[in-house]
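The file structure17.csv comes next; it holds CSV, C-alpha atoms and all ligand atoms.
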```
chain,number,residue,atom,x,y,z
A,1,MET,CA,119.0,77.4,109.3
A,2,ALA,CA,116.9,75.5,106.7
A,3,ARG,CA,118.3,71.9,106.2
A,4,LYS,CA,119.5,71.2,102.6
A,5,LYS,CA,117.3,68.6,101.0
A,6,GLU,CA,119.2,65.3,100.3
A,7,PRO,CA,119.0,64.3,96.6
A,8,SER,CA,116.7,61.3,96.1
A,9,PRO,CA,118.4,58.0,95.4
A,10,TYR,CA,115.5,57.1,93.1
A,11,THR,CA,114.8,57.7,89.4
A,12,LYS,CA,112.0,60.2,89.0
A,13,PRO,CA,109.3,59.7,86.3
A,14,PHE,CA,109.2,62.3,83.5
A,15,LEU,CA,105.4,62.5,83.8
A,16,LYS,CA,103.3,63.7,86.7
A,17,TRP,CA,100.7,61.0,87.5
A,18,ALA,CA,97.8,60.8,90.0
A,19,GLY,CA,98.5,58.0,92.5
A,20,GLY,CA,102.2,57.9,91.6
A,21,LYS,CA,104.2,55.7,94.0
A,22,PHE,CA,107.5,57.6,94.1
A,23,LEU,CA,107.2,58.4,97.8
A,24,GLN,CA,106.4,54.7,98.7
A,25,LEU,CA,109.4,53.2,96.9
A,26,PRO,CA,111.2,52.4,100.2
A,27,ASP,CA,108.2,50.2,101.2
A,28,ILE,CA,107.7,48.6,97.9
A,29,LEU,CA,111.1,47.9,96.3
A,30,PRO,CA,112.3,45.3,98.8
A,31,LEU,CA,109.2,43.2,98.0
A,32,LEU,CA,110.3,43.0,94.3
A,33,GLU,CA,113.8,41.8,95.0
A,34,GLY,CA,114.9,38.3,93.9
A,35,HIS,CA,112.4,37.9,91.1
A,36,GLN,CA,113.2,37.4,87.4
A,37,ARG,CA,110.5,39.5,85.8
A,38,LEU,CA,108.3,42.4,86.9
A,39,ILE,CA,104.8,42.5,85.6
A,40,GLU,CA,103.0,45.9,86.1
A,41,PRO,CA,99.4,45.8,84.9
A,42,PHE,CA,98.7,49.5,86.1
A,43,ALA,CA,102.1,51.2,85.3
A,44,GLY,CA,101.0,54.9,85.3
A,45,GLY,CA,103.9,57.3,85.6
A,46,GLY,CA,106.3,54.4,86.1
A,47,SER,CA,107.9,55.0,89.5
A,48,ILE,CA,108.0,51.3,90.1
A,49,PHE,CA,109.4,49.9,86.9
A,50,LEU,CA,112.0,52.7,86.6
A,51,ASN,CA,113.4,51.7,90.0
A,52,ALA,CA,112.8,48.0,90.2
A,53,GLY,CA,116.1,47.1,88.6
A,54,LEU,CA,114.8,43.8,87.2
A,55,LYS,CA,116.3,42.7,83.8
A,56,THR,CA,112.9,42.1,82.1
A,57,ALA,CA,109.5,43.7,82.6
A,58,LEU,CA,106.0,43.6,81.1
A,59,ILE,CA,104.6,47.1,81.6
A,60,ASN,CA,101.0,47.7,80.9
A,61,ASP,CA,98.3,50.4,81.3
A,62,ASN,CA,95.0,50.9,79.6
A,63,CYS,CA,95.8,54.6,78.9
A,64,SER,CA,96.6,54.4,75.2
A,65,ASP,CA,98.4,57.8,75.1
A,66,LEU,CA,100.6,56.8,78.1
A,67,ILE,CA,101.7,53.6,76.4
A,68,ASN,CA,102.1,55.3,73.0
A,69,THR,CA,104.4,57.9,74.6
A,70,TYR,CA,106.5,55.1,76.2
A,71,GLN,CA,106.7,53.2,73.0
A,72,GLN,CA,107.4,56.2,70.8
A,73,LEU,CA,110.2,57.2,73.1
A,74,LYS,CA,111.7,53.7,73.1
A,75,GLU,CA,111.7,53.6,69.3
A,76,ASN,CA,112.4,57.2,68.4
A,77,ALA,CA,113.7,59.1,71.4
A,78,HIS,CA,115.6,62.0,69.7
A,79,ASP,CA,112.6,62.9,67.6
A,80,ILE,CA,110.1,62.9,70.4
A,81,ILE,CA,112.3,64.8,72.8
A,82,THR,CA,113.1,67.4,70.2
A,83,ARG,CA,109.4,67.9,69.3
A,84,ALA,CA,108.4,68.1,73.0
A,85,PHE,CA,111.1,70.6,73.8
A,86,ARG,CA,110.0,72.8,70.9
A,87,LEU,CA,106.4,72.8,72.3
A,88,PHE,CA,107.7,73.8,75.7
A,89,GLN,CA,109.7,76.7,74.2
A,90,LEU,CA,106.9,78.1,72.0
A,91,TYR,CA,103.6,77.4,73.7
A,92,ASN,CA,103.3,78.4,77.4
A,93,GLY,CA,100.0,80.2,77.2
A,94,GLN,CA,96.3,79.5,77.6
A,95,LYS,CA,95.4,80.1,74.0
A,96,PRO,CA,98.0,77.8,72.4
A,97,TYR,CA,97.4,75.2,75.2
A,98,LEU,CA,93.7,75.1,74.3
A,99,ARG,CA,94.4,74.9,70.6
A,100,ILE,CA,96.9,72.0,71.0
A,101,ARG,CA,94.4,70.2,73.4
A,102,GLN,CA,91.7,70.6,70.8
A,103,LYS,CA,93.9,69.2,68.0
A,104,PHE,CA,94.9,66.3,70.3
A,105,ASN,CA,91.2,65.5,71.0
A,106,GLU,CA,90.3,65.7,67.3
A,107,GLY,CA,93.0,63.1,66.6
A,108,ARG,CA,95.0,65.4,64.3
A,109,TYR,CA,98.5,64.3,65.4
A,110,THR,CA,100.6,61.4,64.2
A,111,PRO,CA,101.6,58.9,67.0
A,112,ALA,CA,105.1,60.6,67.3
A,113,GLU,CA,103.5,64.1,67.5
A,114,ARG,CA,100.9,62.8,69.9
A,115,ALA,CA,103.6,61.5,72.3
A,116,ALA,CA,105.4,64.9,72.3
A,117,VAL,CA,102.1,66.6,72.9
A,118,PHE,CA,101.2,64.3,75.7
A,119,ILE,CA,104.4,65.3,77.5
A,120,TYR,CA,103.6,69.0,76.8
A,121,LEU,CA,100.0,68.6,78.2
A,122,ASN,CA,101.2,66.8,81.3
A,123,ARG,CA,103.4,69.7,82.3
A,124,HIS,CA,101.2,72.5,81.2
A,125,CYS,CA,97.8,71.3,82.5
A,126,PHE,CA,96.4,72.0,85.9
A,127,ASN,CA,98.3,70.0,88.5
A,128,GLY,CA,99.5,67.3,86.0
A,129,LEU,CA,96.1,65.8,86.1
A,130,MET,CA,95.6,63.5,83.1
A,131,ARG,CA,91.8,63.2,83.1
A,132,PHE,CA,89.7,62.1,80.2
A,133,ASN,CA,85.9,62.4,79.8
A,134,GLY,CA,83.5,59.6,78.7
A,135,LYS,CA,84.2,60.4,75.0
A,136,GLY,CA,88.0,59.8,75.7
A,137,GLU,CA,88.7,63.6,75.4
A,138,PHE,CA,91.5,65.1,77.6
A,139,ASN,CA,89.6,67.8,79.5
A,140,VAL,CA,92.0,69.4,82.0
A,141,GLY,CA,92.4,73.2,82.0
A,142,PHE,CA,95.6,75.2,81.6
A,143,GLY,CA,97.9,75.1,84.6
A,144,LYS,CA,99.2,78.7,84.4
A,145,TYR,CA,102.8,77.8,85.4
A,146,GLU,CA,105.3,80.5,84.9
A,147,ALA,CA,108.0,78.2,83.5
A,148,PRO,CA,107.0,74.6,83.2
A,149,TYR,CA,109.9,72.2,83.9
A,150,PHE,CA,111.1,70.3,80.8
A,151,PRO,CA,112.0,66.8,82.3
A,152,LEU,CA,115.1,66.2,80.1
A,153,ALA,CA,117.1,64.3,82.8
A,154,GLU,CA,114.0,62.2,83.6
A,155,LEU,CA,113.4,61.4,79.9
A,156,GLU,CA,117.1,60.3,79.6
A,157,ASN,CA,116.7,58.1,82.7
A,158,PHE,CA,113.6,56.5,81.2
A,159,LEU,CA,115.5,55.6,78.1
A,160,GLY,CA,118.3,54.0,80.2
A,161,CYS,CA,115.7,51.7,81.7
A,162,CYS,CA,113.8,50.7,78.5
A,163,GLU,CA,115.9,47.9,77.1
A,164,GLY,CA,114.3,44.8,78.7
A,165,ILE,CA,110.8,46.3,78.8
A,166,THR,CA,107.8,45.2,76.7
A,167,PHE,CA,105.0,47.8,76.8
A,168,SER,CA,101.4,46.9,76.3
A,169,CYS,CA,98.0,48.6,76.4
A,170,GLU,CA,95.4,46.1,77.6
A,171,ASP,CA,93.0,45.5,80.4
A,172,TYR,CA,95.0,44.4,83.4
A,173,SER,CA,93.6,40.9,83.2
A,174,THR,CA,95.4,40.2,79.9
A,175,VAL,CA,98.9,40.8,81.4
A,176,ILE,CA,98.2,39.1,84.7
A,177,GLU,CA,97.2,36.0,82.7
A,178,GLN,CA,100.8,35.8,81.5
A,179,ALA,CA,102.3,35.6,85.0
A,180,GLY,CA,103.9,32.5,86.5
A,181,ALA,CA,106.9,31.2,88.5
A,182,GLY,CA,109.8,33.8,88.8
A,183,ASP,CA,107.4,36.8,88.2
A,184,VAL,CA,106.4,39.4,90.6
A,185,VAL,CA,103.1,41.1,89.7
A,186,PHE,CA,102.9,44.6,91.2
A,187,CYS,CA,99.4,46.0,91.0
A,188,ASP,CA,98.6,49.6,91.7
A,189,PRO,CA,94.9,49.9,90.6
A,190,PRO,CA,92.9,53.1,91.0
A,191,TYR,CA,92.2,53.2,94.7
A,192,GLU,CA,88.8,52.4,96.1
A,193,PRO,CA,87.7,55.7,97.6
A,194,MET,CA,87.3,55.9,101.4
A,195,PRO,CA,83.7,56.2,102.5
A,196,ASP,CA,82.4,59.7,102.0
A,197,LYS,CA,85.5,60.8,100.1
A,198,GLU,CA,85.9,61.6,96.5
A,199,GLY,CA,88.5,59.3,94.9
A,200,PHE,CA,90.3,59.5,91.6
A,201,THR,CA,89.0,56.3,89.8
A,202,GLN,CA,88.5,57.7,86.3
A,203,TYR,CA,91.7,57.7,84.3
A,204,SER,CA,92.0,57.4,80.6
A,205,ASN,CA,88.8,56.4,78.9
A,206,GLY,CA,86.2,57.9,81.2
A,207,THR,CA,85.2,54.5,82.7
A,208,ILE,CA,85.2,54.3,86.5
A,209,PHE,CA,87.2,51.6,88.3
A,210,LYS,CA,84.5,50.0,90.5
A,211,MET,CA,84.5,47.5,93.4
A,212,ALA,CA,83.6,44.8,90.9
A,213,ASP,CA,87.0,45.6,89.1
A,214,GLN,CA,88.8,45.3,92.5
A,215,GLU,CA,87.2,41.9,93.0
A,216,ARG,CA,88.0,40.8,89.4
A,217,LEU,CA,91.6,41.9,90.0
A,218,VAL,CA,91.9,39.7,93.1
A,219,LYS,CA,90.5,36.7,91.2
A,220,CYS,CA,93.1,37.1,88.4
A,221,ALA,CA,95.9,37.6,91.0
A,222,LEU,CA,94.9,34.4,92.8
A,223,GLU,CA,95.1,32.4,89.6
A,224,ALA,CA,98.6,33.9,88.8
A,225,HIS,CA,99.7,33.0,92.4
A,226,GLN,CA,98.6,29.5,91.8
A,227,ARG,CA,100.9,29.4,88.7
A,228,GLY,CA,103.8,30.5,91.0
A,229,ALA,CA,103.9,34.3,90.8
A,230,THR,CA,104.3,36.7,93.8
A,231,ILE,CA,101.5,39.2,94.0
A,232,ILE,CA,101.6,42.7,95.5
A,233,ILE,CA,98.6,45.0,95.4
A,234,THR,CA,98.5,48.5,96.8
A,235,ASN,CA,95.2,50.2,97.7
A,236,SER,CA,93.5,52.6,100.1
A,237,GLY,CA,92.7,51.4,103.6
A,238,ALA,CA,89.0,51.3,102.9
A,239,GLU,CA,87.4,48.5,105.0
A,240,SER,CA,85.8,46.9,101.9
A,241,ILE,CA,89.3,46.5,100.4
A,242,ARG,CA,90.9,45.1,103.6
A,243,GLU,CA,88.0,42.6,103.9
A,244,LEU,CA,88.5,41.6,100.2
A,245,TYR,CA,92.2,41.0,100.7
A,246,ARG,CA,91.8,39.3,104.1
A,247,ALA,CA,89.2,36.9,102.8
A,248,ASN,CA,91.5,35.8,100.0
A,249,GLY,CA,94.5,35.1,102.2
A,250,PHE,CA,96.7,38.2,101.5
A,251,ASP,CA,99.2,39.3,104.1
A,252,ILE,CA,98.1,43.0,104.7
A,253,ARG,CA,100.7,45.7,105.6
A,254,GLU,CA,99.8,49.2,106.5
A,255,VAL,CA,101.7,52.2,105.3
A,256,LEU,CA,101.3,55.9,106.3
A,257,VAL,CA,101.4,58.0,103.2
A,258,LYS,CA,101.3,61.7,102.3
A,259,ARG,CA,99.2,62.2,99.3
A,260,SER,CA,101.4,64.4,97.1
A,261,MET,CA,98.8,65.2,94.5
A,262,SER,CA,95.0,65.7,94.6
A,263,SER,CA,92.5,67.4,92.4
A,264,LYS,CA,93.0,70.5,94.6
A,265,ALA,CA,96.4,72.1,93.9
A,266,GLY,CA,98.7,72.2,96.9
A,267,THR,CA,96.7,70.1,99.2
A,268,LYS,CA,98.4,67.3,101.1
A,269,THR,CA,96.8,64.8,103.3
A,270,ARG,CA,97.9,61.8,105.4
A,271,ALA,CA,96.3,58.5,104.9
A,272,LYS,CA,96.8,54.8,105.8
A,273,ASP,CA,97.1,52.8,102.7
A,274,VAL,CA,97.6,49.0,102.5
A,275,ILE,CA,100.0,46.8,100.7
A,276,ALA,CA,98.6,43.3,100.2
A,277,VAL,CA,101.1,40.5,99.5
A,278,LEU,CA,100.9,36.9,98.4
A,279,GLU,CA,104.4,35.4,98.3
A,280,SER,CA,105.2,32.9,95.6
A,281,LEU,CA,104.5,29.3,96.5
A,282,ILE,CA,107.3,28.1,94.2
A,283,PRO,CA,110.9,28.7,95.3
A,284,PHE,CA,113.1,29.9,92.4
B,301,LIG,C1,97.1,54.5,90.7
B,301,LIG,S1,97.5,54.6,89.0
B,301,LIG,C2,99.1,53.8,88.9
B,301,LIG,C3,100.2,54.7,89.3
B,301,LIG,C4,101.6,54.1,89.2
B,301,LIG,N1,101.9,53.0,90.1
B,301,LIG,C5,102.7,55.2,89.4
B,301,LIG,O1,103.5,55.1,90.2
B,301,LIG,O2,102.6,56.3,88.6
B,301,LIG,C6,96.4,53.5,88.2
B,301,LIG,C7,96.6,53.3,86.7
B,301,LIG,O3,95.7,52.2,86.3
B,301,LIG,C8,95.4,52.5,84.9
B,301,LIG,N2,94.1,51.7,84.7
B,301,LIG,C9,92.8,52.0,85.1
B,301,LIG,N3,92.0,51.0,84.8
B,301,LIG,C10,92.8,50.0,84.1
B,301,LIG,C11,92.5,48.7,83.6
B,301,LIG,N4,91.3,48.2,83.6
B,301,LIG,N5,93.6,48.0,83.1
B,301,LIG,C12,94.8,48.6,83.0
B,301,LIG,N6,95.1,49.8,83.6
B,301,LIG,C13,94.1,50.5,84.1
B,301,LIG,C14,95.2,54.0,84.9
B,301,LIG,O4,95.4,54.5,83.6
B,301,LIG,C15,96.3,54.5,85.8
B,301,LIG,O5,97.5,54.8,85.1
```

In structure tokens, write the structure found in this file.
Amino acid sequence: MARKKEPSPYTKPFLKWAGGKFLQLPDILPLLEGHQRLIEPFAGGGSIFLNAGLKTALINDNCSDLINTYQQLKENAHDIITRAFRLFQLYNGQKPYLRIRQKFNEGRYTPAERAAVFIYLNRHCFNGLMRFNGKGEFNVGFGKYEAPYFPLAELENFLGCCEGITFSCEDYSTVIEQAGAGDVVFCDPPYEPMPDKEGFTQYSNGTIFKMADQERLVKCALEAHQRGATIIITNSGAESIRELYRANGFDIREVLVKRSMSSKAGTKTRAKDVIAVLESLIPF
């Protein structure tokens, strides 16, 4: 007899997001405990900040539509949720999807409409892949789902977590510069691809997250650590990444993960990721 799936004790994000950390929460959450503020420079779908349970948080991502959606929901939840629900009710088809995507790319929506459309695109596009080209245009095709799920419960849970959160849309360095004693900085950058493998390093503005960006991240993190923050960085187990963290004094832990989303629908692979930690030098 098939075993009944236990309900998850964690809050699920309302967006599907490549590289989401929902399945790794049991490994990550204990590392955040005891800090006063969470700083997340690469927030993505929000698995971490939704579940961290810290009173205050500085939540950042350089995907402007992602942060616009979070901010619009925080300020005007009822309006955004109603607009998004209407889009789900009326427009599950390739033609309307492409028309809405085109209007979105032409910048013809207000920030409130844009937030609702972003939720609609996320659940109607192929595999929830939020990929933009070099011109900043969202270019993922229609997902052909029979009845896309409207994440009402997840949106309500998000609203319940928003109070102590400040959202920003900057390069990661700008928010890490604000970290000091009492802060835990959780960094989940686009992963460095494993040798000979295609990674997903191109998120919102078509720019690719390169090894030089991984190195610049470590440099900012070390400076924040010197000011008293705890630093956690997740990444692939690529040897160049392990070497970078090892050389800079991080404690490296390995975690076996199932990749739950890739650019090929339905594919799941197992991989060894790393969690690199620099504990705060200052007791608080
Ligand atoms: C691996 S995802 C984070 C996933 C997230 N932890 C989750 O659970 O959904 C990496 C994120 O980094 C963002 N990003 C890429 N380059 C960035 C940069 N230079 N500064 C800030 N955010 C960046 C992307 O938009 C993407 O959302």

Would you mind listing, for every residue of chain A within 8 Å of ligand LIG 301 (chain B), the two atoms forming the shortest contact and the distance between them in Å to one decimal, using all atoms listed in the file, sorted by chain and ascending residue number, as CSV?
```
residue,atom,partner,partner_atom,distance
A:Pro13,CA,B:LIG301,O2,7.9
A:Lys16,CA,B:LIG301,O2,7.7
A:Trp17,CA,B:LIG301,O2,5.2
A:Ala18,CA,B:LIG301,S1,6.3
A:Gly19,CA,B:LIG301,C1,4.2
A:Gly20,CA,B:LIG301,O1,3.4
A:Lys21,CA,B:LIG301,O1,3.9
A:Phe22,CA,B:LIG301,O1,6.1
A:Pro41,CA,B:LIG301,C12,5.7
A:Phe42,CA,B:LIG301,O3,4.0
A:Ala43,CA,B:LIG301,C4,4.9
A:Gly44,CA,B:LIG301,O5,3.5
A:Gly45,CA,B:LIG301,O2,3.4
A:Gly46,CA,B:LIG301,O2,4.9
A:Ser47,CA,B:LIG301,O1,4.5
A:Ile48,CA,B:LIG301,O1,5.9
A:Asn60,CA,B:LIG301,C12,6.6
A:Asp61,CA,B:LIG301,N6,4.0
A:Asn62,CA,B:LIG301,C12,4.1
A:Cys63,CA,B:LIG301,O4,4.7
A:Leu66,CA,B:LIG301,O4,7.9
A:Cys169,CA,B:LIG301,C12,7.3
A:Glu170,CA,B:LIG301,C12,6.0
A:Asp171,CA,B:LIG301,N5,3.7
A:Tyr172,CA,B:LIG301,N5,3.9
A:Ser173,CA,B:LIG301,N5,7.1
A:Cys187,CA,B:LIG301,N1,7.5
A:Asp188,CA,B:LIG301,N1,5.0
A:Pro189,CA,B:LIG301,C6,4.6
A:Pro190,CA,B:LIG301,C1,4.4
A:Tyr191,CA,B:LIG301,C1,6.5
A:Thr201,CA,B:LIG301,C9,7.4
A:Gln202,CA,B:LIG301,C9,7.2
A:Tyr203,CA,B:LIG301,O4,4.9
A:Ser204,CA,B:LIG301,O4,5.4
A:Thr207,CA,B:LIG301,N3,7.9
A:Ile208,CA,B:LIG301,N3,7.7
A:Phe209,CA,B:LIG301,N3,6.0
A:Asp213,CA,B:LIG301,N4,7.4
```

Keeping only C-alpha atoms, write those residues as a tab-separated table (two decimals), in the frame of the given file.
```
chain	number	residue	atom	x	y	z
A	13	PRO	CA	109.30	59.70	86.30
A	16	LYS	CA	103.30	63.70	86.70
A	17	TRP	CA	100.70	61.00	87.50
A	18	ALA	CA	97.80	60.80	90.00
A	19	GLY	CA	98.50	58.00	92.50
A	20	GLY	CA	102.20	57.90	91.60
A	21	LYS	CA	104.20	55.70	94.00
A	22	PHE	CA	107.50	57.60	94.10
A	41	PRO	CA	99.40	45.80	84.90
A	42	PHE	CA	98.70	49.50	86.10
A	43	ALA	CA	102.10	51.20	85.30
A	44	GLY	CA	101.00	54.90	85.30
A	45	GLY	CA	103.90	57.30	85.60
A	46	GLY	CA	106.30	54.40	86.10
A	47	SER	CA	107.90	55.00	89.50
A	48	ILE	CA	108.00	51.30	90.10
A	60	ASN	CA	101.00	47.70	80.90
A	61	ASP	CA	98.30	50.40	81.30
A	62	ASN	CA	95.00	50.90	79.60
A	63	CYS	CA	95.80	54.60	78.90
A	66	LEU	CA	100.60	56.80	78.10
A	169	CYS	CA	98.00	48.60	76.40
A	170	GLU	CA	95.40	46.10	77.60
A	171	ASP	CA	93.00	45.50	80.40
A	172	TYR	CA	95.00	44.40	83.40
A	173	SER	CA	93.60	40.90	83.20
A	187	CYS	CA	99.40	46.00	91.00
A	188	ASP	CA	98.60	49.60	91.70
A	189	PRO	CA	94.90	49.90	90.60
A	190	PRO	CA	92.90	53.10	91.00
A	191	TYR	CA	92.20	53.20	94.70
A	201	THR	CA	89.00	56.30	89.80
A	202	GLN	CA	88.50	57.70	86.30
A	203	TYR	CA	91.70	57.70	84.30
A	204	SER	CA	92.00	57.40	80.60
A	207	THR	CA	85.20	54.50	82.70
A	208	ILE	CA	85.20	54.30	86.50
A	209	PHE	CA	87.20	51.60	88.30
A	213	ASP	CA	87.00	45.60	89.10
```

message = Using all atoms listed in the file, can you tell me which of A:Arg37, A:Lys144, A:His124, A:Lys4 comes closest to A:Val185?
response = A:Arg37

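With distances taken over all atoms listed in the file, A:Gln24 is the one residue among A:Asn105, A:Asn92, A:Gln24, A:Asn235 lying closest to A:Tyr10.
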
Give me the stretch 140-242 of chain A side of the contact with stretch 72-81 of chain A, cut-off 8 Å, one line per residue showing its nearest atom pair and distance in Å at one decimal, counting only C-alpha atoms, sorted by chain and residue number, as CSV.
```
residue,atom,partner,partner_atom,distance
A:Leu152,CA,A:Ile81,CA,7.9
A:Leu155,CA,A:Ile81,CA,7.9
A:Leu159,CA,A:Lys74,CA,6.6
A:Cys162,CA,A:Lys74,CA,6.5
```

Written file, previous selection with C-alpha atoms, as a PDB file, in the frame of the given file:
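Ended up saving to result_38.pdb:
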```
ATOM      1  CA  LEU A 152     115.100  66.200  80.100  1.00  0.00           C
ATOM      2  CA  LEU A 155     113.400  61.400  79.900  1.00  0.00           C
ATOM      3  CA  LEU A 159     115.500  55.600  78.100  1.00  0.00           C
ATOM      4  CA  CYS A 162     113.800  50.700  78.500  1.00  0.00           C
TER       5      CYS A 162
END
```

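Among the candidates A:Ser64, A:Thr11, A:Leu23, A:Phe142, the one nearest to A:Lys95 when counting only C-alpha atoms is A:Phe142.
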
Atom CA of A:Leu98 to atom CA of A:Tyr145, straight-line distance in Å = 14.6 Å

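Atom pair atom CA of A:Asp65 / atom CA of A:Pro111: separated by 8.8 Å.
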
inquiry  = Please report the interatomic distance between atom CA of A:Leu278 and atom CA of A:Lys55 in Å with one decimal.
reply    = 22.0 Å

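The shortest atom-to-atom distance to A:Glu154, with only C-alpha atoms taken into account, belongs to A:Ile119 out of A:Glu33, A:Ile119, A:Val218, A:Lys103.
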
query = Which residues, written as number ranges by chain, have at least one atom at most 7 Å from A:Ala181, with all atoms listed in the file counted and residues fewer than 6 positions away on the same chain left out?
reply = A: 227-229, 282

request  = Would you mind listing what lies within 9 Å of stretch 241-256 of chain A as a PyMOL selection string, with all atoms listed in the file counted and same-chain residues fewer than 3 positions away left out?
outcome  = chain A and resi 24+27+192+211+214-215+218-219+222+231-232+235-238+270-279

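Across A:Leu129, A:Ile176, A:Ala115, A:Ile165, the tightest approach to A:Leu217 is made by A:Ile176 when counting all atoms listed in the file.
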
task = Name the residues in contact with A:Pro30 at a cut-off of 12 Å, using only C-alpha atoms, excluding same-chain residues fewer than 4 positions from it; report them as a VMD selection string.
result = chain A and resid 24 to 26 34 to 35 48 51 to 54 184 232

Complete stretch 125-140 of chain A at the level of N, CA, C and O atoms, written as a short mmCIF file (atom, residue, chain, number, x, y, z; two decimals), in the coordinates of the input.
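Writing done, so here's selection.cif:
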```cif
data_model
loop_
_atom_site.label_atom_id
_atom_site.label_comp_id
_atom_site.auth_asym_id
_atom_site.auth_seq_id
_atom_site.Cartn_x
_atom_site.Cartn_y
_atom_site.Cartn_z
N CYS A 125 99.18 71.36 81.99
CA CYS A 125 97.80 71.30 82.50
C CYS A 125 97.75 71.55 83.97
O CYS A 125 98.78 71.52 84.65
N PHE A 126 96.56 71.74 84.49
CA PHE A 126 96.40 72.00 85.90
C PHE A 126 96.81 70.80 86.75
O PHE A 126 96.26 69.70 86.62
N ASN A 127 97.86 70.99 87.55
CA ASN A 127 98.30 70.00 88.50
C ASN A 127 98.71 68.63 87.93
O ASN A 127 98.67 67.62 88.62
N GLY A 128 99.05 68.59 86.66
CA GLY A 128 99.50 67.30 86.00
C GLY A 128 98.43 66.26 86.02
O GLY A 128 98.73 65.06 85.97
N LEU A 129 97.17 66.71 86.03
CA LEU A 129 96.10 65.80 86.10
C LEU A 129 95.71 65.26 84.71
O LEU A 129 95.26 66.04 83.87
N MET A 130 95.92 63.97 84.44
CA MET A 130 95.60 63.50 83.10
C MET A 130 94.23 62.79 83.14
O MET A 130 94.10 61.58 83.29
N ARG A 131 93.21 63.65 82.99
CA ARG A 131 91.80 63.20 83.10
C ARG A 131 91.11 63.26 81.77
O ARG A 131 91.24 64.25 81.06
N PHE A 132 90.37 62.18 81.45
CA PHE A 132 89.70 62.10 80.20
C PHE A 132 88.17 61.97 80.46
O PHE A 132 87.79 61.33 81.45
N ASN A 133 87.32 62.54 79.58
CA ASN A 133 85.90 62.40 79.80
C ASN A 133 85.38 61.08 79.13
O ASN A 133 86.17 60.32 78.58
N GLY A 134 84.07 60.87 79.21
CA GLY A 134 83.50 59.60 78.70
C GLY A 134 83.73 59.42 77.20
O GLY A 134 83.70 58.30 76.72
N LYS A 135 83.98 60.54 76.46
CA LYS A 135 84.20 60.40 75.00
C LYS A 135 85.72 60.20 74.76
O LYS A 135 86.17 60.20 73.61
N GLY A 136 86.50 60.05 75.84
CA GLY A 136 88.00 59.80 75.70
C GLY A 136 88.71 61.12 75.41
O GLY A 136 89.86 61.09 74.96
N GLU A 137 88.07 62.29 75.68
CA GLU A 137 88.70 63.60 75.40
C GLU A 137 89.46 64.05 76.67
O GLU A 137 88.91 64.00 77.78
N PHE A 138 90.69 64.53 76.46
CA PHE A 138 91.50 65.10 77.60
C PHE A 138 90.83 66.44 77.93
O PHE A 138 90.69 67.31 77.07
N ASN A 139 90.41 66.61 79.20
CA ASN A 139 89.60 67.80 79.50
C ASN A 139 90.13 68.66 80.66
O ASN A 139 89.37 69.36 81.31
N VAL A 140 91.44 68.59 80.91
CA VAL A 140 92.00 69.40 82.00
C VAL A 140 92.42 70.76 81.53
O VAL A 140 92.98 70.88 80.44
#
```
